[in-house]
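Here's the structure, in structure tokens; my notes come after.
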Amino acid sequence: MSIGTAARRALLAAPLLALPGAASAHNAFGDLGPFYAGLLHPLMAPEQTLLLAALAIFLARQPIANVRIALPVLLLASAAAIILHPLWPATSLPLRVTALSALLLGALALWGAALPRALVAVLAAATGALAGLAGDPAGLSQQGLLSGLGGLLGIAAFSLLVWGIADIAQAKLGRVAGAVLASWVVAMSAMAAVLPA
């Protein structure tokens with residue numbers, strides 16, 4: 001077989017590489033166990049990623065006194081949702097619901113006005129409840145408890161990380177950096193909200 005024939009065959013076979021295969025949405029990191037699966041869930045599930053990123057950027061645009069109230073409220077509401085989620089295991093939040101919630105938070109972040117602490121706490125509680133319900137239901141088994149604990153720590157770590165990045169960006173570049181991040185969240189949330197269910 002000549003080099004030209006082999007090149008033609010390879011060129012004809014190349015489109016076969018573009019054929020879709022099976023996708024595993026929740027198996028991005030392999031089988032790490034229930035704790036690490038819960039811990040990494042905010043990085044793998046767009047329902048949680050968009051929502052928590054939107055809240056974190058919104059909080060970065062708020063006064064620090066609002067943030068000090070909102071973060072514990074977020075974690076308490078997330079913990080309550082994670083604990084109560086096994087009562088309704090069939091409950092799963094569609095991406096559209098969390099994307100529209102993230103769109104609202106992103107728009108508030110883009111606006112950039114300091115809101116009353118009570119309203120910020122309510123928004124943090126609603127986000128925490130949605131984020132907790134967007135995770136996998138954790139049962140009362142050891143695996144379920146490890147998954148729930150990992151999920152709660154993942155929500156906390158991801159929210160603090162994004163808030164810290166946004167806060168540092170604003171400290172270095174001014175409040176326009178937070179507005180840019182908020183506009184990205186609005187754009188991504190709007191795109192996710194119109195995806196077919």
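If you're wondering about the labels, chains in the structure tokens are A, B, ... by order shown, residues count from 1 in each chain, ligands from 1 in order shown.
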### Task
For A:Arg117, work out the shell of residues within 12 Å, counting only C-alpha atoms and skipping chain neighbours fewer than 2 positions away, then give it as a PyMOL selection string.
chain A and resi 59+62-71+73+114-115+119-124
Just write the chosen residues, all heavy atoms, as a tab-separated table (two decimals), in the first residue's frame.
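Listed below is the output, part_11.tsv:
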chain	number	residue	atom	x	y	z
A	59	LEU	N	-22.77	38.54	45.75
A	59	LEU	CA	-22.27	38.89	47.08
A	59	LEU	C	-20.99	39.73	47.01
A	59	LEU	O	-20.76	40.58	47.86
A	59	LEU	CB	-22.04	37.64	47.92
A	59	LEU	CG	-23.31	36.90	48.34
A	59	LEU	CD1	-22.95	35.63	49.12
A	59	LEU	CD2	-24.24	37.79	49.15
A	62	GLN	N	-21.81	43.27	46.96
A	62	GLN	CA	-22.51	43.78	48.13
A	62	GLN	C	-21.50	44.22	49.20
A	62	GLN	O	-20.35	43.78	49.19
A	62	GLN	CB	-23.42	42.68	48.71
A	62	GLN	CG	-24.57	42.30	47.82
A	62	GLN	CD	-25.55	43.45	47.63
A	62	GLN	OE1	-26.04	44.02	48.59
A	62	GLN	NE2	-25.82	43.78	46.38
A	63	PRO	N	-21.93	45.04	50.15
A	63	PRO	CA	-21.05	45.38	51.28
A	63	PRO	C	-20.70	44.14	52.09
A	63	PRO	O	-21.48	43.18	52.14
A	63	PRO	CB	-21.89	46.36	52.12
A	63	PRO	CG	-22.98	46.83	51.21
A	63	PRO	CD	-23.21	45.76	50.20
A	64	ILE	N	-19.55	44.17	52.74
A	64	ILE	CA	-19.07	42.99	53.46
A	64	ILE	C	-20.03	42.59	54.59
A	64	ILE	O	-20.13	41.40	54.92
A	64	ILE	CB	-17.63	43.22	53.99
A	64	ILE	CG1	-17.00	41.91	54.45
A	64	ILE	CG2	-17.62	44.24	55.10
A	64	ILE	CD1	-16.71	40.94	53.37
A	65	ALA	N	-20.75	43.54	55.17
A	65	ALA	CA	-21.71	43.19	56.23
A	65	ALA	C	-22.80	42.28	55.69
A	65	ALA	O	-23.26	41.36	56.39
A	65	ALA	CB	-22.32	44.46	56.82
A	66	ASN	N	-23.23	42.49	54.46
A	66	ASN	CA	-24.23	41.62	53.83
A	66	ASN	C	-23.67	40.23	53.57
A	66	ASN	O	-24.36	39.23	53.72
A	66	ASN	CB	-24.73	42.22	52.52
A	66	ASN	CG	-25.63	43.42	52.73
A	66	ASN	OD1	-25.94	43.80	53.85
A	66	ASN	ND2	-26.04	44.04	51.64
A	67	VAL	N	-22.39	40.18	53.19
A	67	VAL	CA	-21.75	38.89	52.90
A	67	VAL	C	-21.63	38.06	54.19
A	67	VAL	O	-21.85	36.85	54.18
A	67	VAL	CB	-20.36	39.11	52.26
A	67	VAL	CG1	-19.65	37.79	52.02
A	67	VAL	CG2	-20.50	39.90	50.97
A	68	ARG	N	-21.30	38.72	55.29
A	68	ARG	CA	-21.15	38.02	56.56
A	68	ARG	C	-22.45	37.37	57.01
A	68	ARG	O	-22.44	36.37	57.72
A	68	ARG	CB	-20.65	38.98	57.64
A	68	ARG	CG	-19.21	39.35	57.45
A	68	ARG	CD	-18.69	40.17	58.62
A	68	ARG	NE	-17.31	40.55	58.38
A	68	ARG	CZ	-16.86	41.79	58.39
A	68	ARG	NH1	-17.69	42.79	58.66
A	68	ARG	NH2	-15.60	42.04	58.16
A	69	ILE	N	-23.56	37.93	56.62
A	69	ILE	CA	-24.86	37.33	56.94
A	69	ILE	C	-25.21	36.24	55.92
A	69	ILE	O	-25.70	35.17	56.26
A	69	ILE	CB	-25.97	38.41	56.93
A	69	ILE	CG1	-25.71	39.47	57.98
A	69	ILE	CG2	-27.35	37.81	57.08
A	69	ILE	CD1	-25.98	39.06	59.39
A	70	ALA	N	-24.95	36.53	54.65
A	70	ALA	CA	-25.44	35.68	53.57
A	70	ALA	C	-24.75	34.32	53.51
A	70	ALA	O	-25.41	33.31	53.24
A	70	ALA	CB	-25.28	36.40	52.23
A	71	LEU	N	-23.45	34.26	53.73
A	71	LEU	CA	-22.75	32.98	53.59
A	71	LEU	C	-23.21	31.94	54.62
A	71	LEU	O	-23.48	30.79	54.23
A	71	LEU	CB	-21.24	33.19	53.63
A	71	LEU	CG	-20.66	33.84	52.37
A	71	LEU	CD1	-19.17	34.12	52.54
A	71	LEU	CD2	-20.91	32.99	51.15
A	73	VAL	N	-26.13	31.83	56.03
A	73	VAL	CA	-27.52	31.52	55.63
A	73	VAL	C	-27.52	30.56	54.45
A	73	VAL	O	-28.30	29.61	54.40
A	73	VAL	CB	-28.29	32.82	55.31
A	73	VAL	CG1	-29.62	32.52	54.64
A	73	VAL	CG2	-28.52	33.63	56.58
A	114	ALA	N	-26.29	48.21	46.64
A	114	ALA	CA	-26.30	47.54	47.94
A	114	ALA	C	-27.75	47.34	48.36
A	114	ALA	O	-28.52	48.29	48.43
A	114	ALA	CB	-25.55	48.37	48.96
A	115	LEU	N	-28.12	46.12	48.61
A	115	LEU	CA	-29.49	45.78	48.99
A	115	LEU	C	-29.59	45.63	50.50
A	115	LEU	O	-28.58	45.40	51.17
A	115	LEU	CB	-29.92	44.50	48.29
A	115	LEU	CG	-29.93	44.53	46.76
A	115	LEU	CD1	-30.32	43.18	46.20
A	115	LEU	CD2	-30.85	45.61	46.24
A	119	LEU	N	-33.02	41.21	52.61
A	119	LEU	CA	-33.26	40.73	51.25
A	119	LEU	C	-32.10	39.86	50.77
A	119	LEU	O	-32.31	38.82	50.14
A	119	LEU	CB	-33.49	41.91	50.31
A	119	LEU	CG	-33.73	41.56	48.83
A	119	LEU	CD1	-34.93	40.63	48.68
A	119	LEU	CD2	-33.92	42.82	48.01
A	120	VAL	N	-30.88	40.27	51.08
A	120	VAL	CA	-29.70	39.48	50.70
A	120	VAL	C	-29.75	38.12	51.39
A	120	VAL	O	-29.45	37.08	50.78
A	120	VAL	CB	-28.40	40.24	51.03
A	120	VAL	CG1	-27.18	39.36	50.81
A	120	VAL	CG2	-28.30	41.49	50.18
A	121	ALA	N	-30.17	38.09	52.66
A	121	ALA	CA	-30.28	36.82	53.39
A	121	ALA	C	-31.34	35.93	52.76
A	121	ALA	O	-31.14	34.71	52.64
A	121	ALA	CB	-30.59	37.08	54.86
A	122	VAL	N	-32.47	36.50	52.34
A	122	VAL	CA	-33.53	35.72	51.69
A	122	VAL	C	-33.02	35.14	50.37
A	122	VAL	O	-33.27	33.97	50.05
A	122	VAL	CB	-34.79	36.58	51.48
A	122	VAL	CG1	-35.78	35.90	50.53
A	122	VAL	CG2	-35.45	36.89	52.81
A	123	LEU	N	-32.31	35.95	49.59
A	123	LEU	CA	-31.76	35.46	48.32
A	123	LEU	C	-30.74	34.34	48.56
A	123	LEU	O	-30.70	33.35	47.82
A	123	LEU	CB	-31.11	36.61	47.54
A	123	LEU	CG	-32.07	37.66	46.98
A	123	LEU	CD1	-31.30	38.86	46.45
A	123	LEU	CD2	-32.95	37.06	45.90
A	124	ALA	N	-29.92	34.49	49.60
A	124	ALA	CA	-28.94	33.45	49.93
A	124	ALA	C	-29.63	32.18	50.38
A	124	ALA	O	-29.23	31.06	50.01
A	124	ALA	CB	-27.99	33.95	51.01
### Query
What is the distance between atom CA of A:Ala157 and atom CA of A:Leu40, in Å to one decimal?
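Atom CA of A:Leu40 lies 9.7 Å from atom CA of A:Ala157.
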#### Entry: Pick from A:Leu146, A:Ala134, A:Leu100, A:Ala113, whichever lies nearest to A:Tyr36 using only C-alpha atoms
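Checking each of A:Leu146, A:Ala134, A:Leu100, A:Ala113 against A:Tyr36, counting only C-alpha atoms, the winner is A:Leu146.
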### Query
Hey, what's within 6 Å of A:Ala102 if we count only C-alpha atoms and toss same-chain stuff fewer than 3 positions away? As a list of chain:residue names, please?
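So the residues in contact are A:Leu51, A:Ala54, A:Ala99, A:Leu105, A:Gly106.
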Please produce an output containing C-alpha atoms for each residue in the selection, written as a PDB file, in the first residue's frame.
ATOM      1  CA  LEU A  51     -26.513  29.214  40.693  1.00  0.00           C
ATOM      2  CA  ALA A  54     -24.216  33.903  40.373  1.00  0.00           C
ATOM      3  CA  ALA A  99     -30.675  29.097  35.206  1.00  0.00           C
ATOM      4  CA  LEU A 105     -28.932  36.999  40.723  1.00  0.00           C
ATOM      5  CA  GLY A 106     -26.659  37.953  37.832  1.00  0.00           C
TER       6      GLY A 106
END
### Query
For the atom pair atom CA of A:Ala109 and atom CA of A:Gly132, what is the interatomic distance in Å to one decimal place?
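For atom CA of A:Ala109 relative to atom CA of A:Gly132, the distance reads 21.8 Å.
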